[in-house]
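Below is target_38.cif, which holds mmCIF, C-alpha atoms.
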data_structure
loop_
_atom_site.label_atom_id
_atom_site.label_comp_id
_atom_site.auth_asym_id
_atom_site.auth_seq_id
_atom_site.Cartn_x
_atom_site.Cartn_y
_atom_site.Cartn_z
CA MET Y 1 -64.57 43.00 30.68
CA PRO Y 2 -64.49 41.54 27.16
CA VAL Y 3 -62.24 38.53 26.60
CA GLU Y 4 -59.95 40.46 24.21
CA ALA Y 5 -59.36 43.22 26.76
CA TRP Y 6 -58.74 40.66 29.50
CA LEU Y 7 -56.29 38.77 27.26
CA ALA Y 8 -54.45 42.00 26.42
CA GLU Y 9 -54.20 42.83 30.14
CA VAL Y 10 -52.89 39.35 31.04
CA THR Y 11 -50.44 39.46 28.14
CA HIS Y 12 -49.09 42.80 29.36
CA TYR Y 13 -48.42 41.50 32.88
CA VAL Y 14 -46.94 38.21 31.67
CA ALA Y 15 -44.56 40.08 29.35
CA LEU Y 16 -43.69 42.52 32.14
CA GLY Y 17 -42.82 39.58 34.43
CA ILE Y 18 -40.62 37.99 31.78
CA GLU Y 19 -38.89 41.33 31.14
CA ALA Y 20 -38.21 41.60 34.89
CA MET Y 21 -36.62 38.13 34.76
CA ALA Y 22 -34.45 39.19 31.80
CA LEU Y 23 -33.36 42.31 33.68
CA LEU Y 24 -32.50 40.28 36.76
CA ILE Y 25 -30.49 37.74 34.74
CA ILE Y 26 -28.51 40.46 32.98
CA ALA Y 27 -27.96 42.41 36.22
CA VAL Y 28 -26.70 39.34 38.11
CA GLY Y 29 -24.44 38.35 35.21
CA THR Y 30 -23.05 41.85 34.93
CA LEU Y 31 -22.34 42.06 38.66
CA GLU Y 32 -20.66 38.65 38.61
CA ALA Y 33 -18.51 39.61 35.59
CA PHE Y 34 -17.58 42.93 37.17
CA LEU Y 35 -16.51 41.36 40.46
CA ALA Y 36 -14.58 38.58 38.71
CA SER Y 37 -12.87 41.14 36.46
CA VAL Y 38 -11.78 43.25 39.40
CA ARG Y 39 -10.45 40.14 41.16
CA VAL Y 40 -8.49 39.11 38.06
CA MET Y 41 -7.14 42.63 37.43
CA LEU Y 42 -5.87 42.80 40.99
CA SER Y 43 -4.25 39.38 40.78
CA PRO Y 44 -0.63 39.45 39.57
CA ARG Y 45 -0.92 35.82 38.42
CA ALA Y 46 -4.06 36.18 36.28
CA THR Y 47 -3.88 34.30 33.02
CA ASN Y 48 -5.50 35.05 29.69
CA ASP Y 49 -7.55 31.87 30.11
CA GLU Y 50 -9.00 33.22 33.35
CA LYS Y 51 -9.88 36.50 31.66
CA ARG Y 52 -11.47 34.70 28.72
CA SER Y 53 -13.41 32.47 31.09
CA ILE Y 54 -14.97 35.53 32.73
CA TRP Y 55 -16.16 36.89 29.40
CA LEU Y 56 -17.43 33.50 28.23
CA ARG Y 57 -19.46 33.14 31.41
CA TYR Y 58 -20.74 36.71 31.07
CA SER Y 59 -21.81 36.09 27.49
CA ARG Y 60 -23.80 33.08 28.70
CA TRP Y 61 -25.65 35.36 31.10
CA LEU Y 62 -26.31 37.80 28.26
CA VAL Y 63 -27.60 35.05 25.97
CA ALA Y 64 -29.93 33.90 28.75
CA GLY Y 65 -31.14 37.46 29.35
CA LEU Y 66 -31.67 38.06 25.64
CA THR Y 67 -33.58 34.80 25.39
CA PHE Y 68 -35.96 35.96 28.11
CA GLN Y 69 -36.23 39.37 26.44
CA LEU Y 70 -37.08 37.63 23.18
CA ALA Y 71 -39.76 35.61 24.99
CA ALA Y 72 -41.23 38.80 26.45
CA ASP Y 73 -41.30 40.43 23.02
CA ILE Y 74 -43.00 37.37 21.54
CA VAL Y 75 -45.68 37.63 24.24
CA HIS Y 76 -46.04 41.39 23.57
CA THR Y 77 -46.46 40.83 19.84
CA ALA Y 78 -49.01 38.04 20.31
CA ILE Y 79 -51.74 40.66 20.52
CA ALA Y 80 -51.98 42.94 17.45
CA PRO Y 81 -48.28 43.41 16.64
CA THR Y 82 -47.10 46.56 14.90
CA TRP Y 83 -44.25 46.71 12.39
CA ASP Y 84 -42.17 48.35 15.12
CA ASP Y 85 -42.84 45.36 17.42
CA ILE Y 86 -41.89 42.92 14.69
CA GLY Y 87 -38.69 44.87 13.91
CA ARG Y 88 -37.69 44.91 17.57
CA LEU Y 89 -38.36 41.19 17.84
CA GLY Y 90 -36.24 40.55 14.76
CA ALA Y 91 -33.37 42.70 16.04
CA ILE Y 92 -33.27 40.90 19.38
CA ALA Y 93 -33.43 37.51 17.63
CA VAL Y 94 -30.50 38.45 15.38
CA ILE Y 95 -28.40 39.77 18.28
CA ARG Y 96 -29.12 36.65 20.34
CA THR Y 97 -28.29 34.37 17.40
CA PHE Y 98 -24.94 36.07 16.73
CA LEU Y 99 -24.04 36.14 20.42
CA SER Y 100 -24.89 32.44 20.75
CA TYR Y 101 -22.87 31.57 17.66
CA PHE Y 102 -19.75 33.42 18.81
CA LEU Y 103 -20.11 32.12 22.37
CA GLU Y 104 -20.26 28.52 21.14
CA ARG Y 105 -17.29 29.12 18.86
CA ASP Y 106 -15.24 30.55 21.75
CA VAL Y 107 -16.25 27.71 24.08
CA GLU Y 108 -15.17 25.15 21.50
CA GLU Y 109 -11.85 26.96 21.04
CA VAL Y 110 -11.21 26.92 24.79
CA ARG Y 111 -12.10 23.21 24.94
CA ARG Y 112 -9.74 22.52 22.03
CA ARG Y 113 -6.89 24.39 23.75
CA GLU Y 114 -7.53 22.60 27.03
CA HIS Y 115 -7.52 19.26 25.25
CA GLU Y 116 -4.23 20.09 23.51
CA HIS Y 117 -2.63 21.14 26.81
CA GLY Y 118 -4.11 18.26 28.80
CA THR Y 119 -5.98 20.62 31.14
CA GLU Y 120 -9.44 19.64 30.04
CA ARG Y 121 -12.20 20.40 32.51
CA PRO Y 122 -15.46 18.44 32.63
CA ARG Y 123 -18.12 19.86 30.33
CA ASP Y 124 -20.65 22.15 31.94
CA PRO Y 125 -24.03 20.37 31.64
CA ALA Y 126 -25.80 23.77 31.50
CA GLY Y 127 -23.81 25.16 28.60
#
For this file, produce the structure as structure tokens.
Amino acid sequence: MPVEAWLAEVTHYVALGIEAMALLIIAVGTLEAFLASVRVMLSPRATNDEKRSIWLRYSRWLVAGLTFQLAADIVHTAIAPTWDDIGRLGAIAVIRTFLSYFLERDVEEVRRREHEHGTERPRDPAG
């Protein structure tokens, strides 16, 4: 098997593995958000902060999943990319960038509110 064909084959399987990771991350995040949402909807004492917290956490899962998807697309396009591949890569990068921006903005707003109300929680080292 020529080196180029072998490299294309390896690239395919590596990208497929990364896409599986992205799918798993998004699926777990979606399930967690769904279960938390049901719990909050059934709770008579649910606050808007609790609801917002669910969506902030879910958006973190989505950003992580999109980051893995972006990595998989980069691997896919490493071997002879088409304009379609490049466009898809660009679209995912733009979506991930906007989602990250708005997530960070919302997190900072929540931190500001908590600080004003004296209910500040320790910062999450992962996010």
* Starting from the displayed file, determine the output of the PyMOL selection byres ((chain Y and resi 33-38) around 9) and express the residue list as a ChimeraX atom specification. => /Y:28-32,39-43,51,54-55,57-58
Print the selection's residues with C-alpha atoms to a file, as an mmCIF file, in the coordinates of the input.
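Result saved to result.cif:
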data_model
loop_
_atom_site.group_PDB
_atom_site.id
_atom_site.type_symbol
_atom_site.label_atom_id
_atom_site.label_comp_id
_atom_site.auth_asym_id
_atom_site.auth_seq_id
_atom_site.Cartn_x
_atom_site.Cartn_y
_atom_site.Cartn_z
ATOM 1 C CA VAL Y 28 -26.700 39.340 38.110
ATOM 2 C CA GLY Y 29 -24.440 38.350 35.210
ATOM 3 C CA THR Y 30 -23.050 41.850 34.930
ATOM 4 C CA LEU Y 31 -22.340 42.060 38.660
ATOM 5 C CA GLU Y 32 -20.660 38.650 38.610
ATOM 6 C CA ARG Y 39 -10.450 40.140 41.160
ATOM 7 C CA VAL Y 40 -8.490 39.110 38.060
ATOM 8 C CA MET Y 41 -7.140 42.630 37.430
ATOM 9 C CA LEU Y 42 -5.870 42.800 40.990
ATOM 10 C CA SER Y 43 -4.250 39.380 40.780
ATOM 11 C CA LYS Y 51 -9.880 36.500 31.660
ATOM 12 C CA ILE Y 54 -14.970 35.530 32.730
ATOM 13 C CA TRP Y 55 -16.160 36.890 29.400
ATOM 14 C CA ARG Y 57 -19.460 33.140 31.410
ATOM 15 C CA TYR Y 58 -20.740 36.710 31.070
#
* Could you spell out the hits of the PyMOL selection byres ((chain Y and resi 10-19) around 6) on the shown file, as a PyMOL selection string? -> chain Y and resi 7-9+20-22+69+72+75
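What separates atom CA of Glu50 of chain Y from atom CA of Phe98 of chain Y is a distance of 23.2 Å.
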* Point out the residue among Y:Ile26, Y:Ile74, Y:Val110, Y:Trp6 with the least atom-to-atom distance to Asn48 of chain Y, counting all atoms listed in the file. => Y:Val110
* Structure fact -> Using only C-alpha atoms, the shortest atom-to-atom distance to Arg52 of chain Y among Y:Glu4, Y:Val107, Y:Thr82, Y:Val94 belongs to Y:Val107
* Residue neighbourhood Thr77 of chain Y, 10 Å, all atoms listed in the file, exclusion window fewer than 6 positions, as a PyMOL selection string -> chain Y and resi 11+15+71+83-86+88-89
Take the residues from that selection and write them out as a PDB file, in the frame of the given file, keeping C-alpha atoms.
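Heads up, here's the output in result-v5.pdb:
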ATOM      1  CA  THR Y  11     -50.440  39.460  28.140  1.00  0.00           C
ATOM      2  CA  ALA Y  15     -44.560  40.080  29.350  1.00  0.00           C
ATOM      3  CA  ALA Y  71     -39.760  35.610  24.990  1.00  0.00           C
ATOM      4  CA  TRP Y  83     -44.250  46.710  12.390  1.00  0.00           C
ATOM      5  CA  ASP Y  84     -42.170  48.350  15.120  1.00  0.00           C
ATOM      6  CA  ASP Y  85     -42.840  45.360  17.420  1.00  0.00           C
ATOM      7  CA  ILE Y  86     -41.890  42.920  14.690  1.00  0.00           C
ATOM      8  CA  ARG Y  88     -37.690  44.910  17.570  1.00  0.00           C
ATOM      9  CA  LEU Y  89     -38.360  41.190  17.840  1.00  0.00           C
TER      10      LEU Y  89
END
* Separation of atom CA of Ile95 of chain Y and atom CA of Leu62 of chain Y, in Å? -> 10.4 Å
* For the atom pair atom CA of Ala46 of chain Y and atom CA of Ala27 of chain Y, what is the interatomic distance in Å to one decimal place? ->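 Straight-line distance from atom CA of Ala46 of chain Y to atom CA of Ala27 of chain Y works out to 24.7 Å.
The closest residue to Arg105 of chain Y, picked from Y:Val3, Y:Ala78, Y:Asp73, Y:Ser59 and counting all atoms listed in the file, is Y:Ser59.
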* **From Y:Leu24, Y:Leu70, Y:Met1, Y:Leu56, residue lying nearest Phe102 of chain Y [all atoms listed in the file]** =>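 The answer is Y:Leu56, which sits nearest to Phe102 of chain Y.
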